[in-house]
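Visitor: Quick one: the structure is below, and I'll ask about it shortly.
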Amino acid sequence: MKLTRIVVVLLLLPLFGWAGTFIETFNDDDLEDWQELVRLDKAPGVWEVVDDELQTVSREKFVRLLTTGDSTWKDYTVEFDVKPLNKHGIGAITIAARVQGTWVVLCSIEDPVEFVEGKPPRQREQISCVYGDFHDVIFVRLHAAPHPLLKLNKWAHLKLSVHNNIFSFSVNEKQVMGPAKMPNLIGVPDFGHFPDFRTGGVGFGIANYTARFDNITITGDSVPNKGALPVTQKDKLAITWGQLKQF
């Protein structure tokens, strides 16, 4: 029985080697692989490495995105640890996929204000996944559902998986969306300029938060190998163990 198990493991090892793994831990203060995607009329934000973690501050309602990757990235999973430190107003913590130029797929944990005719404004906590043009702020909703905001001063783990036109979103290893199929809008009236969102890079960002990010990990056949995860701190140990159990 032991021999059989060893043979099975040896046979599976090459399969794991097929997928590339891109890891960013910010231990070397190097952000050369990353670029900010900003709205046309907005100034870029400030992203700085503090204690080997990336920190940024936003006091605006619009999302700022830090992105990496290119148009050759296709099917992959992007995940990271995030710790919101302060909330400055109506905000969002966002994970992005299929970033190509200004076109993006965004999944956010947010608390927008909802306006319904004849009723007072209502603020709601939710997850929301949309896709569209980040510059023109023209988006189509893929999914929305009630969901509590992330707790301040506590690490959380976000993960977005994309395969062809199927998307799945998880928070702290619990799937909160999907598998959801994105409709093809090419040729559809009023949406003929939309791409098919089958390739593109990844990103993460915030609106109206101060937050820290760490251990960004992207895995997929088209993703280049880079970096390695360090020995984790105590407050991230449970998250890392949850990741290991997937294998």
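Convention: chains lettered A, B, ... in structure tokens order; per-chain residue numbering from 1; ligands numbered from 1 as shown.
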Tell me which protein, DNA and RNA residues are within 8 Å of region 55-57 of chain A, counting only C-alpha atoms, leaving out same-chain ones fewer than 5 positions away, and put them as an NGL selection string.
Guide: :A and (45-50 or 208-213)
Visitor: Go ahead and write the selection's residues with N, CA and C atoms as a PDB file, in the first residue's frame.
Guide:
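The result, stored in part.pdb:
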```pdb
ATOM      1  N   GLY A  45      -2.573  56.766  -7.055  1.00  0.00           N
ATOM      2  CA  GLY A  45      -2.470  56.663  -5.612  1.00  0.00           C
ATOM      3  C   GLY A  45      -1.040  56.415  -5.161  1.00  0.00           C
ATOM      4  N   VAL A  46      -0.875  56.218  -3.858  1.00  0.00           N
ATOM      5  CA  VAL A  46       0.438  55.942  -3.272  1.00  0.00           C
ATOM      6  C   VAL A  46       0.428  54.518  -2.724  1.00  0.00           C
ATOM      7  N   TRP A  47       1.321  53.688  -3.251  1.00  0.00           N
ATOM      8  CA  TRP A  47       1.471  52.303  -2.809  1.00  0.00           C
ATOM      9  C   TRP A  47       2.870  52.172  -2.222  1.00  0.00           C
ATOM     10  N   GLU A  48       2.978  51.781  -0.960  1.00  0.00           N
ATOM     11  CA  GLU A  48       4.289  51.691  -0.328  1.00  0.00           C
ATOM     12  C   GLU A  48       4.401  50.403   0.478  1.00  0.00           C
ATOM     13  N   VAL A  49       5.621  49.880   0.516  1.00  0.00           N
ATOM     14  CA  VAL A  49       5.893  48.660   1.267  1.00  0.00           C
ATOM     15  C   VAL A  49       6.208  49.028   2.701  1.00  0.00           C
ATOM     16  N   VAL A  50       5.443  48.438   3.643  1.00  0.00           N
ATOM     17  CA  VAL A  50       5.626  48.664   5.075  1.00  0.00           C
ATOM     18  C   VAL A  50       5.725  47.305   5.750  1.00  0.00           C
ATOM     19  N   ASN A 208     -11.854  54.027  -0.539  1.00  0.00           N
ATOM     20  CA  ASN A 208     -12.186  54.543   0.800  1.00  0.00           C
ATOM     21  C   ASN A 208     -11.720  53.634   1.940  1.00  0.00           C
ATOM     22  N   TYR A 209     -10.581  53.028   1.767  1.00  0.00           N
ATOM     23  CA  TYR A 209      -9.979  52.201   2.820  1.00  0.00           C
ATOM     24  C   TYR A 209      -8.505  52.545   2.942  1.00  0.00           C
ATOM     25  N   THR A 210      -7.928  52.263   4.114  1.00  0.00           N
ATOM     26  CA  THR A 210      -6.499  52.043   4.274  1.00  0.00           C
ATOM     27  C   THR A 210      -6.342  50.547   4.481  1.00  0.00           C
ATOM     28  N   ALA A 211      -5.467  49.918   3.704  1.00  0.00           N
ATOM     29  CA  ALA A 211      -5.384  48.453   3.775  1.00  0.00           C
ATOM     30  C   ALA A 211      -3.976  47.989   3.436  1.00  0.00           C
ATOM     31  N   ARG A 212      -3.676  46.788   3.873  1.00  0.00           N
ATOM     32  CA  ARG A 212      -2.420  46.125   3.534  1.00  0.00           C
ATOM     33  C   ARG A 212      -2.705  44.847   2.756  1.00  0.00           C
ATOM     34  N   PHE A 213      -1.799  44.546   1.804  1.00  0.00           N
ATOM     35  CA  PHE A 213      -1.913  43.358   0.971  1.00  0.00           C
ATOM     36  C   PHE A 213      -0.623  42.555   1.061  1.00  0.00           C
TER      37      PHE A 213
END
```
Visitor: Sorted by chain and rising residue number, which residues of region 62-143 of chain A lie within 9 Å of region 164-175 of chain A, and what are their closest atom pairs and distances in Å to one decimal, counting only C-alpha atoms, as CSV?
Guide:
```
residue,atom,partner,partner_atom,distance
A:Lys74,CA,A:Asn164,CA,7.6
A:Asp75,CA,A:Asn164,CA,6.5
A:Cys107,CA,A:Phe169,CA,7.5
A:Cys129,CA,A:Phe169,CA,8.8
```
Visitor: Measuring atom to atom with only C-alpha atoms, identify which of A:Val130, A:Leu150, A:Ile216, A:Val113 is nearest to Gly89 (chain A).
Guide: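 For Gly89 (chain A), the nearest of the given residues is A:Val113.
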Visitor: Find the spatial neighbours of Val137 (chain A), counting only C-alpha atoms, within a cut-off of 10 Å - ignore same-chain residues fewer than 5 positions away - and output them as a PyMOL selection string.
Guide: chain A and resi 39+62+102-103+131-132
Visitor: Can you tell me, as a list of chain:residue names, what residues are no more than 12 Å from Thr25 (chain A) when counting only C-alpha atoms, ignoring any on the same chain fewer than 4 positions away?
Guide: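 Listed by chain and then number, they are A:Asp29, A:Asp30, A:Leu31, A:Val49, A:Val50, A:Asp51, A:Asp52, A:Glu53, A:Leu54, A:Phe80, A:Asp81, A:Arg212, A:Phe213, A:Asp214, A:Asn215, A:Ile216, A:Thr217, A:Ile218, A:Lys226, A:Gly227, A:Ala228, A:Leu229, A:Pro230, A:Val231, A:Thr232.
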Visitor: Where does DSSP see strand (DSSP E) in region 22-228 of chain A, if you list the residues as a ChimeraX atom specification?
Guide: /A:22-24,35-37,47-50,53-57,64-68,76-100,103-110,113-114,122-123,126-133,138-146,156-163,166-171,174-181,201-220
Visitor: How many Å lie between CA of Gly200 (chain A) and CA of Ala156 (chain A), rounded to one decimal?
Guide: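 Going from CA of Gly200 (chain A) over to CA of Ala156 (chain A) covers 24.8 Å.
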